[in-house]
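**Q** Quick one: structure below, then a few questions.
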Amino acid sequence: MDHSEQVASGTVLLTVNQRLARNHAAQYERWQWEQGHLWWETPAILPLRAWLSSLHEQAIGSGASTLTLLPELLQQRAWRQCVEQDTGLELLDVDAAAVGAKRAWEIACVWQCHAIEGDYLPIDQFAWQRWATRYRRLLDAEDWVDTAMLADHLNALITQGALHELLPNAVILEGFLQLPPQLQKLIEAMRAAGINVSLTTASPDAHVHRICYTDDAREMLSIATQMRHVLEQNPQHNLGLVVPDLHNKRAAVLRAFDQVFFPTQSPRQIAESGRPYDLSIGLPLADTAVVQCGLSLLKLSIASVDSTELSALLLSPYLIAANSEARRREQMDRRLREERVRSLDLSGLLQHLYSGSRLAGALKRLLKTRTRKSATLGEWATRFSQWLSLFGWPGKGMESEEYQAVTV
């Protein structure tokens with residue numbers, strides 16, 4: 001649904017995610033060109049969470065709010081601190097527990113399903129309740145608000161009339177299939193403040209049918225084949241595929257589509273030619289090959305690495321002389337595996353290197369110049385950059401995705 005005319009008149013269009021916001025922004029741009037305009041103000045089209053953050057910044061600027069919005073990284077650190085302080089449990093992985101606790105907190109805030117104090121709870125829920133109570137006290141003590149509670153905070157300010165001059169006259173919510181209680185209360189508060197809030201959803205006019213497959217791999221290959229067939233019939237089609245748990249299935253989905261759309265090409269050739277499709281969830285930075293290589297090099301610079309990481313480093317295209325010495329490094333990797341070398345540090349790797357390797361010079365310089373004394377974050381960043389440069393990381397001729405990963 002195109003809301004360009006309403007947006008041009010001052011209506012704020014809030015979407016469920018960034019992708020939908022970009023789509024509406026592109027529609028708005030086309031609409032402006034069709035109207036014969038050569039320039040226009042940036043439209044108020046953005047995801048709901050981004051708008052809430054922007055409104056909070058304005059509330060701070062006007063003096064309506066005194067709470068600081070805690071950045072995502074510091075929120076996770078605060079949760080880890082609250083979990084670590086719990087002496088009633090012995091956890092195998094504190095970081096994983098903190099991540100899970102934060103996620104549960106976000107769900108509890110959005111759906112307004114906090115446990116009633118004094119209720120009997122299973123041991124894991126009781127532990128989370130202790131962490132959440134400690135986390136809430138920390139926010140109150142420091143005058144902080146997190147993203148999970150930001151809507152509640154703004155709701156209170158709107159109800160008090162503190163944001164009257166900052167609010168738009170009309171708001172459109174687009175793409176929300178279900179309104180959780182937290183959002184419902186925010187909408188009610190805005191409407192009570194005189195804002196025209198409307199909710200739009202796509203009309204369910206699609207023909208729905210079900211096909212069963214024996215396994216996930218066959219299912220994804222079949223879907224990719226069907227989508228390619230549709231695009232061959234009409235290349236102008238815009239097709240979308242909803243994949244539950246895409247974060248964990250990202251590699252399998254991409255592999256299936258690459259196999260169907262580029263059956264004879266390698267992953268590098270596909271990346272060079274460009275895919276006619278993309279995934280809404282990106283690959284975590286630490287999971288990209290070039291960043292994995294960089295992290296392994298930093299680990300090698302101060303400690304030993306196991307045989308798996310060592311093999312990946314020797315075969316990596318992101319090191320100095322990767323192409324010219326590729327064959328000899330493959331032979332060295334095979335020799336180390338045959339000798340059952342389980343781990344190596346810098347000195348050990350230097351001893352096992354073949355004669356004439358350009359890596360030898362890098363290892364010798366690093367052994368002479370590296371320092372592991374305590375330092376500031378900025379000084380450590382400088383050290384890391386110098387160490388990686390000695391290895392020639394990230395190499396030359398990077399692809400677009402690799403370049404983006406390195407520059408981030």
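Every chain in the structure tokens has a letter given in the order shown (A, B, ...), and although residue numbers restart at 1 in each chain, ligands are simply numbered from 1 in the order shown.
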Residues of range 186-306 of chain A in strand (DSSP E or B) according to DSSP, as a list of chain:residue names?
**A** A:Asn196, A:Val197, A:Ser198, A:Leu199, A:Thr200, A:Val305, A:Asp306
**Q** Need the shell around range 303-318 of chain A: protein/DNA/RNA residues with any atom at most 9 Å away, counting only C-alpha atoms. Skip same-chain ones fewer than 5 positions apart. Format as a CSV table (one decimal) with N, CA, C and O atoms, in the first residue's frame?
**A**
chain,number,residue,atom,x,y,z
A,289,ALA,N,34.6,-15.3,6.7
A,289,ALA,CA,36.0,-15.9,6.6
A,289,ALA,C,37.1,-14.9,6.8
A,289,ALA,O,38.1,-15.3,7.5
A,290,VAL,N,37.0,-13.7,6.3
A,290,VAL,CA,38.1,-12.8,6.5
A,290,VAL,C,38.3,-12.3,7.9
A,290,VAL,O,39.4,-12.2,8.4
A,293,CYS,N,39.7,-15.2,10.0
A,293,CYS,CA,41.2,-15.3,9.8
A,293,CYS,C,41.9,-14.2,10.6
A,293,CYS,O,42.9,-14.5,11.3
A,294,GLY,N,41.3,-13.0,10.6
A,294,GLY,CA,42.0,-12.0,11.5
A,294,GLY,C,42.0,-12.3,12.9
A,294,GLY,O,43.0,-12.1,13.6
A,296,SER,N,41.9,-15.3,14.3
A,296,SER,CA,42.8,-16.4,14.5
A,296,SER,C,44.3,-15.9,14.5
A,296,SER,O,45.1,-16.3,15.3
A,297,LEU,N,44.6,-14.9,13.7
A,297,LEU,CA,45.9,-14.3,13.7
A,297,LEU,C,46.2,-13.6,15.0
A,297,LEU,O,47.3,-13.7,15.5
A,298,LEU,N,45.2,-12.9,15.5
A,298,LEU,CA,45.4,-12.2,16.8
A,298,LEU,C,45.6,-13.2,17.9
A,298,LEU,O,46.5,-13.0,18.8
A,323,ASN,N,48.7,-16.5,-2.8
A,323,ASN,CA,48.6,-17.2,-4.1
A,323,ASN,C,49.9,-17.8,-4.5
A,323,ASN,O,50.0,-19.0,-5.0
A,326,ALA,N,50.6,-20.9,-2.3
A,326,ALA,CA,49.5,-21.7,-2.0
A,326,ALA,C,49.8,-23.2,-1.9
A,326,ALA,O,49.4,-23.9,-1.0
A,329,ARG,N,52.0,-24.2,1.1
A,329,ARG,CA,51.2,-24.2,2.3
A,329,ARG,C,50.3,-25.4,2.4
A,329,ARG,O,50.0,-25.9,3.5
A,330,GLU,N,49.7,-25.8,1.3
A,330,GLU,CA,48.9,-27.0,1.3
A,330,GLU,C,49.7,-28.2,1.7
A,330,GLU,O,49.3,-29.1,2.5
A,332,MET,N,52.5,-28.2,3.6
A,332,MET,CA,52.8,-28.0,5.0
A,332,MET,C,51.6,-28.4,5.9
A,332,MET,O,51.8,-29.1,6.9
A,333,ASP,N,50.4,-28.0,5.5
A,333,ASP,CA,49.2,-28.3,6.2
A,333,ASP,C,49.0,-29.9,6.3
A,333,ASP,O,48.7,-30.4,7.3
A,334,ARG,N,49.3,-30.5,5.1
A,334,ARG,CA,49.2,-32.0,5.1
A,334,ARG,C,50.2,-32.6,6.0
A,334,ARG,O,49.9,-33.6,6.7
A,336,LEU,N,51.7,-31.3,8.7
A,336,LEU,CA,51.4,-31.1,10.1
A,336,LEU,C,50.3,-32.1,10.6
A,336,LEU,O,50.3,-32.6,11.7
A,337,ARG,N,49.3,-32.4,9.7
A,337,ARG,CA,48.2,-33.3,10.0
A,337,ARG,C,48.8,-34.7,10.1
A,337,ARG,O,48.3,-35.5,11.0
A,340,ARG,N,50.4,-35.2,13.3
A,340,ARG,CA,49.5,-35.1,14.4
A,340,ARG,C,49.8,-33.9,15.3
A,340,ARG,O,49.8,-34.0,16.5
A,341,VAL,N,50.2,-32.8,14.7
A,341,VAL,CA,50.5,-31.6,15.5
A,341,VAL,C,49.1,-31.0,15.9
A,341,VAL,O,48.3,-30.6,15.1
A,342,ARG,N,48.9,-30.9,17.2
A,342,ARG,CA,47.6,-30.5,17.7
A,342,ARG,C,47.5,-29.0,17.9
A,342,ARG,O,46.4,-28.4,17.8
A,343,SER,N,48.6,-28.3,18.2
A,343,SER,CA,48.6,-26.9,18.3
A,343,SER,C,50.0,-26.3,18.2
A,343,SER,O,51.0,-27.0,18.4
A,344,LEU,N,50.0,-25.0,17.8
A,344,LEU,CA,51.3,-24.3,17.7
A,344,LEU,C,51.2,-22.9,18.1
A,344,LEU,O,50.1,-22.3,17.9
A,345,ASP,N,52.3,-22.3,18.6
A,345,ASP,CA,52.3,-20.9,18.9
A,345,ASP,C,53.2,-20.3,17.8
A,345,ASP,O,53.6,-20.9,16.8
A,346,LEU,N,53.5,-19.0,18.0
A,346,LEU,CA,54.4,-18.3,16.9
A,346,LEU,C,55.7,-19.0,16.7
A,346,LEU,O,56.1,-19.3,15.6
A,348,GLY,N,56.6,-22.1,17.5
A,348,GLY,CA,56.5,-23.4,16.9
A,348,GLY,C,56.1,-23.4,15.5
A,348,GLY,O,56.6,-24.2,14.7
A,391,PHE,N,51.2,-9.8,8.8
A,391,PHE,CA,50.8,-11.0,8.1
A,391,PHE,C,50.2,-10.7,6.8
A,391,PHE,O,49.8,-11.6,6.0
A,392,GLY,N,50.1,-9.4,6.4
A,392,GLY,CA,49.5,-9.0,5.1
A,392,GLY,C,48.0,-9.1,5.1
A,392,GLY,O,47.4,-9.0,4.0
A,393,TRP,N,47.4,-9.3,6.2
A,393,TRP,CA,45.9,-9.3,6.3
A,393,TRP,C,45.3,-7.9,6.0
A,393,TRP,O,45.9,-6.9,6.4
A,394,PRO,N,44.2,-7.8,5.3
A,394,PRO,CA,43.4,-8.9,4.7
A,394,PRO,C,43.7,-9.3,3.3
A,394,PRO,O,42.8,-9.8,2.6
A,395,GLY,N,44.9,-9.1,2.8
A,395,GLY,CA,45.2,-9.5,1.5
A,395,GLY,C,44.7,-8.5,0.5
A,395,GLY,O,44.3,-7.3,0.8
A,396,LYS,N,44.7,-8.9,-0.8
A,396,LYS,CA,44.3,-8.0,-1.9
A,396,LYS,C,43.1,-8.6,-2.7
A,396,LYS,O,42.9,-9.8,-2.6
A,398,MET,N,39.8,-8.2,-2.4
A,398,MET,CA,38.6,-8.6,-1.7
A,398,MET,C,37.3,-8.4,-2.4
A,398,MET,O,37.2,-7.4,-3.2
**Q** Within 7 Å of range 68-75 of chain A, which residues of range 116-222 of chain A come that close, and what is the closest atom pair and distance in Å for each? Count only C-alpha atoms and give it as a Markdown table.
**A**
| residue | atom | partner | partner_atom | distance |
| --- | --- | --- | --- | --- |
| A:Asp143 | CA | A:Thr68 | CA | 6.4 |
| A:Trp144 | CA | A:Thr68 | CA | 4.8 |
| A:Val145 | CA | A:Leu69 | CA | 5.0 |
| A:Asp146 | CA | A:Leu70 | CA | 5.2 |
**Q** Write out the residues from the selection above, keeping N, CA and C atoms, as a PDB file, in the first residue's frame.
**A**
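The result, stored in out34.pdb:
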ATOM      1  N   ASP A 143      19.512   5.996  36.480  1.00  0.00           N
ATOM      2  CA  ASP A 143      18.652   6.807  35.606  1.00  0.00           C
ATOM      3  C   ASP A 143      18.815   6.384  34.154  1.00  0.00           C
ATOM      4  N   TRP A 144      18.716   5.069  33.924  1.00  0.00           N
ATOM      5  CA  TRP A 144      18.817   4.505  32.587  1.00  0.00           C
ATOM      6  C   TRP A 144      17.455   3.956  32.151  1.00  0.00           C
ATOM      7  N   VAL A 145      17.297   3.827  30.847  1.00  0.00           N
ATOM      8  CA  VAL A 145      16.182   3.095  30.281  1.00  0.00           C
ATOM      9  C   VAL A 145      16.736   2.268  29.135  1.00  0.00           C
ATOM     10  N   ASP A 146      16.264   1.045  28.972  1.00  0.00           N
ATOM     11  CA  ASP A 146      16.757   0.211  27.879  1.00  0.00           C
ATOM     12  C   ASP A 146      15.724   0.163  26.756  1.00  0.00           C
TER      13      ASP A 146
END
**Q** Just checking: using only C-alpha atoms, which residue out of A:Ser9, A:Thr369, A:Ser355, A:Gln259 ends up closest to Asn169 in chain A?
**A**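 Smallest separation from Asn169 in chain A among the options: A:Ser9.
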**Q** Which residue out of A:Leu300, A:Asp287, A:Ile320, A:Arg327 has the minimum interatomic distance to Arg370 in chain A when only C-alpha atoms are used?
**A**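 Closest to Arg370 in chain A of all the choices is A:Leu300.
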**Q** Name the residues in contact with Ala115 in chain A at a cut-off of 10 Å, using only C-alpha atoms, excluding same-chain residues fewer than 3 positions from it; report them as a VMD selection string.
**A** chain A and resid 108 112 118 to 121 125 to 126 129
**Q** Quick one, how far is CA of Thr200 in chain A from CA of Leu46 in chain A?
**A**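 Separation between CA of Thr200 in chain A and CA of Leu46 in chain A: 15.2 Å.
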**Q** List the neighbours of Gly194 in chain A out to 12 Å using only C-alpha atoms; skip same-chain residues closer than 4 positions along the sequence, and give me the result as a list in words.
**A** Ile158, Thr159, Gly161, Leu163, His164, Glu165, Leu167, Pro168, Asn169, Ala170, Val171, Ile187, Glu188, Ala189 and Met190 of chain A
**Q** Write out as number ranges by chain all residues of range 142-231 of chain A that backbone DSSP assigns to alpha helix (DSSP H).
**A** A: 142, 150-160, 181-192, 216-231
**Q** So, with only C-alpha atoms as the atoms that count, which of A:Ala322, A:Leu349, A:Leu166, A:Leu55 lies closest to Lys364 in chain A?
**A** A:Leu349
**Q** Need to verify the contact set: Ile172 in chain A, 9 Å, only C-alpha atoms, exclusion of same-chain residues closer than 5 positions in sequence. Can you return it as a list in words?
**A**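 In the requested form, the answer reads His3, Thr11, Val12, Leu13, Leu14, Thr15, Asn196, Val197, Ser198, Leu199 and Thr200 of chain A.
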**Q** Applying 12 Å and only C-alpha atoms, which residues near Leu221 in chain A remain after dropping the ones on its own chain fewer than 6 positions away? List them as a ChimeraX atom specification.
**A** /A:213-215,227-228,252-261,263
